Amino acid sequence: MNRLWVRFSLIILGVILFVSLAPFLFRGLIFSFLGPELSETERLFPEVLESLPPETAERIMQFLLADLIASLTAYVVVSAVAALLAGAWVGRTLTRPLQQLEQAANAIKAGELNQQVPVHGSQEMVAMATAFNEMAAQLSQAETLRKNLLADVAHELRHPIHILQGNLQAILDDVYPLSKEEIARLSDQTHHLTRLVQDLHDLAQAEAHQLPLQRQPMELADVVKEAVDTYKPLAHGRDIDLHVELLGAIPAIQGDPARLRQVMLNLLDNALRHTPDGGRVVVTVQQEDGALAVRVQDNGRGLSAEQLPYVFDRFYKADRGRDQSGAGLGLAIAKAVVEAHGGRITAASAGPGQGSTFSFLLPIRA
């Protein structure tokens, strides 16, 4: 009954039934007032007319005809008014939600993205209003993310650019000598800028579902070991116990080895940056419910319950006061790559000072 076409059909059907049955209804009312004698009167009416003078009979017929015309005219007028009222109601029902949608769309076009329209009416109108509200909410959220991204990108680019400008100006003013050490510091800043731009490019591709993946049969355990070996010298220099534990048989999967190595490097970099000297970082790999689970567990700073929902957001840093290294894109890229492989990634922590565990699961495909 809440379908628009059902409502419209019922209204048209009602009008047609009213037009068709109105004469019978009027006749029934007349019968109800005059009683059963009416039928006898109707039977005797021709005889009565024949018994009357012709002029009188003609005047009676003219009177009856005029009365019939007046009745028909009144009936047509009433039917037309009823049809107009029904049409106005249907038009109002149809156009009011559309007018609200039009007004909200014009407001969005003018830049007011926080628009919502009432959800009511037929199922079609409810579905349209719901879809519009969801679209408007997504546009508003996307605009907020865009503004935040521009602010974060400007902030992240400003620091290395200022260093480059300051050092180059100092060299031009003969404040710093043009030495290999100074060139190395400038080169580090250019590498930082290059990595930041590449990370942003990867994130943009991932969000557009266009992240290129070179899928092939691969041993995830080997990728994990290679990534751990990369960070072992750094861990050894800080007396951090970094090792891998393979729990059970580890089957091969279909994936991009380079991208998954990037995920592991980002997770290990995050764990080592938040683990104090003399701490511990353990990487485990095991099969769970048709998927491979990789966990990177540390005994470092940990995360609060308020921080956990945001750790995979771009440019998010759990402790901006102490953590100034990195651009805050590593975990966002790890999440994008894992999801591009059809997996999921999570973060868990018992609280500040109690370490963190970052885990991702990848489906096992033949």
# chains A, B, ... in the order shown; residues from 1 in each chain; ligands from 1
$ select_by_dssp --residues "range 49-259 of chain A" --states "strand (DSSP E)" --output "list in words"
Gln216, Pro217, Met218, Asp241, Leu242, His243, Val244, Glu245, Leu246, Leu247, Ile253, Gln254 and Gly255 of chain A
$ residues_around --residues "range 177-182 of chain A" --least-positions-apart "5" --cutoff "12 Å" --atoms "only C-alpha atoms" --output "PyMOL selection string"
chain A and resi 163-164+166-172+187-189
$ atom_distance --atom1 "CA of Met264 in chain A" --atom2 "CA of Val311 in chain A"
16.0 Å
$ residues_around --residues "Val126 in chain A" --least-positions-apart "2" --cutoff "12 Å" --atoms "only C-alpha atoms" --output "ChimeraX atom specification"
/A:2-4,97-98,101,117-124,128-133
$ write_last_selection --atoms "N, CA and C atoms" --output "PDB file, in the first residue's frame"
ATOM      1  N   ASN A   2       2.117   1.119   0.316  1.00  0.00           N
ATOM      2  CA  ASN A   2       2.962   2.313   0.396  1.00  0.00           C
ATOM      3  C   ASN A   2       3.675   2.612  -0.912  1.00  0.00           C
ATOM      4  N   ARG A   3       3.387   1.811  -1.931  1.00  0.00           N
ATOM      5  CA  ARG A   3       3.951   2.082  -3.247  1.00  0.00           C
ATOM      6  C   ARG A   3       3.224   3.250  -3.894  1.00  0.00           C
ATOM      7  N   LEU A   4       3.979   4.107  -4.560  1.00  0.00           N
ATOM      8  CA  LEU A   4       3.371   5.288  -5.165  1.00  0.00           C
ATOM      9  C   LEU A   4       2.370   4.899  -6.244  1.00  0.00           C
ATOM     10  N   PRO A  97       8.074  16.273  -1.782  1.00  0.00           N
ATOM     11  CA  PRO A  97       9.413  15.704  -1.561  1.00  0.00           C
ATOM     12  C   PRO A  97      10.410  16.092  -2.643  1.00  0.00           C
ATOM     13  N   LEU A  98       9.904  16.201  -3.902  1.00  0.00           N
ATOM     14  CA  LEU A  98      10.807  16.585  -4.982  1.00  0.00           C
ATOM     15  C   LEU A  98      11.283  18.024  -4.824  1.00  0.00           C
ATOM     16  N   LEU A 101      13.940  17.996  -2.226  1.00  0.00           N
ATOM     17  CA  LEU A 101      15.183  17.505  -2.816  1.00  0.00           C
ATOM     18  C   LEU A 101      15.848  18.578  -3.669  1.00  0.00           C
ATOM     19  N   VAL A 117      17.153  15.892   4.006  1.00  0.00           N
ATOM     20  CA  VAL A 117      15.746  16.071   3.664  1.00  0.00           C
ATOM     21  C   VAL A 117      14.907  15.105   4.499  1.00  0.00           C
ATOM     22  N   PRO A 118      13.638  15.471   4.780  1.00  0.00           N
ATOM     23  CA  PRO A 118      12.780  14.555   5.555  1.00  0.00           C
ATOM     24  C   PRO A 118      12.563  13.242   4.817  1.00  0.00           C
ATOM     25  N   VAL A 119      12.542  12.160   5.582  1.00  0.00           N
ATOM     26  CA  VAL A 119      12.332  10.824   5.014  1.00  0.00           C
ATOM     27  C   VAL A 119      10.901  10.401   5.338  1.00  0.00           C
ATOM     28  N   HIS A 120      10.020  10.476   4.347  1.00  0.00           N
ATOM     29  CA  HIS A 120       8.619  10.079   4.542  1.00  0.00           C
ATOM     30  C   HIS A 120       8.003   9.850   3.173  1.00  0.00           C
ATOM     31  N   GLY A 121       6.751   9.342   3.182  1.00  0.00           N
ATOM     32  CA  GLY A 121       6.046   9.113   1.932  1.00  0.00           C
ATOM     33  C   GLY A 121       6.100   7.664   1.498  1.00  0.00           C
ATOM     34  N   SER A 122       5.964   7.455   0.194  1.00  0.00           N
ATOM     35  CA  SER A 122       5.974   6.104  -0.360  1.00  0.00           C
ATOM     36  C   SER A 122       7.365   5.494  -0.267  1.00  0.00           C
ATOM     37  N   GLN A 123       7.435   4.223  -0.588  1.00  0.00           N
ATOM     38  CA  GLN A 123       8.724   3.527  -0.525  1.00  0.00           C
ATOM     39  C   GLN A 123       9.727   4.138  -1.486  1.00  0.00           C
ATOM     40  N   GLU A 124       9.252   4.556  -2.677  1.00  0.00           N
ATOM     41  CA  GLU A 124      10.168   5.179  -3.627  1.00  0.00           C
ATOM     42  C   GLU A 124      10.726   6.491  -3.071  1.00  0.00           C
ATOM     43  N   MET A 128      14.540   7.331  -2.106  1.00  0.00           N
ATOM     44  CA  MET A 128      15.233   8.460  -2.724  1.00  0.00           C
ATOM     45  C   MET A 128      15.782   9.413  -1.665  1.00  0.00           C
ATOM     46  N   ALA A 129      14.968   9.731  -0.648  1.00  0.00           N
ATOM     47  CA  ALA A 129      15.419  10.646   0.406  1.00  0.00           C
ATOM     48  C   ALA A 129      16.566  10.039   1.198  1.00  0.00           C
ATOM     49  N   THR A 130      16.479   8.740   1.485  1.00  0.00           N
ATOM     50  CA  THR A 130      17.556   8.079   2.221  1.00  0.00           C
ATOM     51  C   THR A 130      18.857   8.096   1.428  1.00  0.00           C
ATOM     52  N   ALA A 131      18.761   7.784   0.125  1.00  0.00           N
ATOM     53  CA  ALA A 131      19.965   7.808  -0.714  1.00  0.00           C
ATOM     54  C   ALA A 131      20.545   9.220  -0.800  1.00  0.00           C
ATOM     55  N   PHE A 132      19.667  10.224  -0.908  1.00  0.00           N
ATOM     56  CA  PHE A 132      20.150  11.607  -0.970  1.00  0.00           C
ATOM     57  C   PHE A 132      20.852  11.998   0.324  1.00  0.00           C
ATOM     58  N   ASN A 133      20.250  11.652   1.470  1.00  0.00           N
ATOM     59  CA  ASN A 133      20.869  11.996   2.751  1.00  0.00           C
ATOM     60  C   ASN A 133      22.219  11.308   2.922  1.00  0.00           C
TER      61      ASN A 133
END
$ closest_residue --among "A:Thr230, A:Gln198, A:Gln254, A:Gln100" --to "Gln214 in chain A" --atoms "only C-alpha atoms"
A:Gln254
$ residues_around --residues "range 289-304 of chain A" --least-positions-apart "3" --cutoff "9 Å" --atoms "only C-alpha atoms" --output "compact mmCIF listing (two decimals) with C-alpha atoms, in the first residue's frame"
# COMPACT_ATOMS: atom_id res chain seq x y z
CA LEU A 220 54.14 -14.81 3.12
CA VAL A 224 57.84 -11.45 6.87
CA ILE A 250 52.17 -21.67 6.53
CA PRO A 251 50.56 -22.21 3.09
CA ILE A 253 48.85 -17.30 -0.95
CA MET A 264 55.41 -5.38 7.13
CA LEU A 267 54.18 -2.14 10.91
CA LEU A 268 57.72 -2.89 12.11
CA ALA A 271 56.43 -0.90 16.50
CA LEU A 272 60.12 0.00 16.84
CA ARG A 273 59.40 3.73 17.08
CA HIS A 274 57.07 3.13 20.00
CA THR A 275 59.15 0.49 21.78
CA PRO A 276 61.77 1.66 24.33
CA GLY A 279 62.08 -3.80 24.75
CA ARG A 280 60.59 -6.62 22.70
CA VAL A 281 58.86 -6.93 19.30
CA VAL A 282 57.49 -10.35 18.31
CA VAL A 283 56.09 -11.16 14.87
CA THR A 284 53.90 -14.27 14.58
CA VAL A 285 52.48 -15.91 11.46
CA GLN A 286 49.84 -18.63 11.59
CA GLN A 307 43.16 6.45 20.16
CA LEU A 308 42.49 2.99 18.73
CA ALA A 318 49.10 8.97 18.82
CA GLY A 343 42.02 -8.80 3.95
CA ALA A 348 44.62 -3.67 19.89
CA SER A 349 46.11 -2.44 23.14
CA ALA A 350 45.42 -2.97 26.83
CA GLY A 351 46.15 0.70 27.45
CA PRO A 352 48.98 3.23 27.67
CA GLY A 353 52.27 1.68 28.70
CA GLN A 354 51.07 -1.89 28.02
CA GLY A 355 52.17 -2.37 24.43
CA SER A 356 50.22 -2.78 21.21
CA THR A 357 49.37 -5.54 18.74
CA PHE A 358 48.78 -4.85 15.06
CA SER A 359 47.29 -7.77 13.13
CA PHE A 360 46.25 -8.39 9.57
CA LEU A 361 44.56 -11.36 7.93
CA LEU A 362 44.89 -12.34 4.28
CA PRO A 363 42.65 -14.92 2.59
CA ILE A 364 44.27 -18.10 1.36
CA ARG A 365 43.47 -18.55 -2.33
$ atom_distance --atom1 "CA of Phe312 in chain A" --atom2 "CA of Leu203 in chain A"
11.8 Å
$ atom_distance --atom1 "CA of Ile161 in chain A" --atom2 "CA of Leu193 in chain A"
8.4 Å
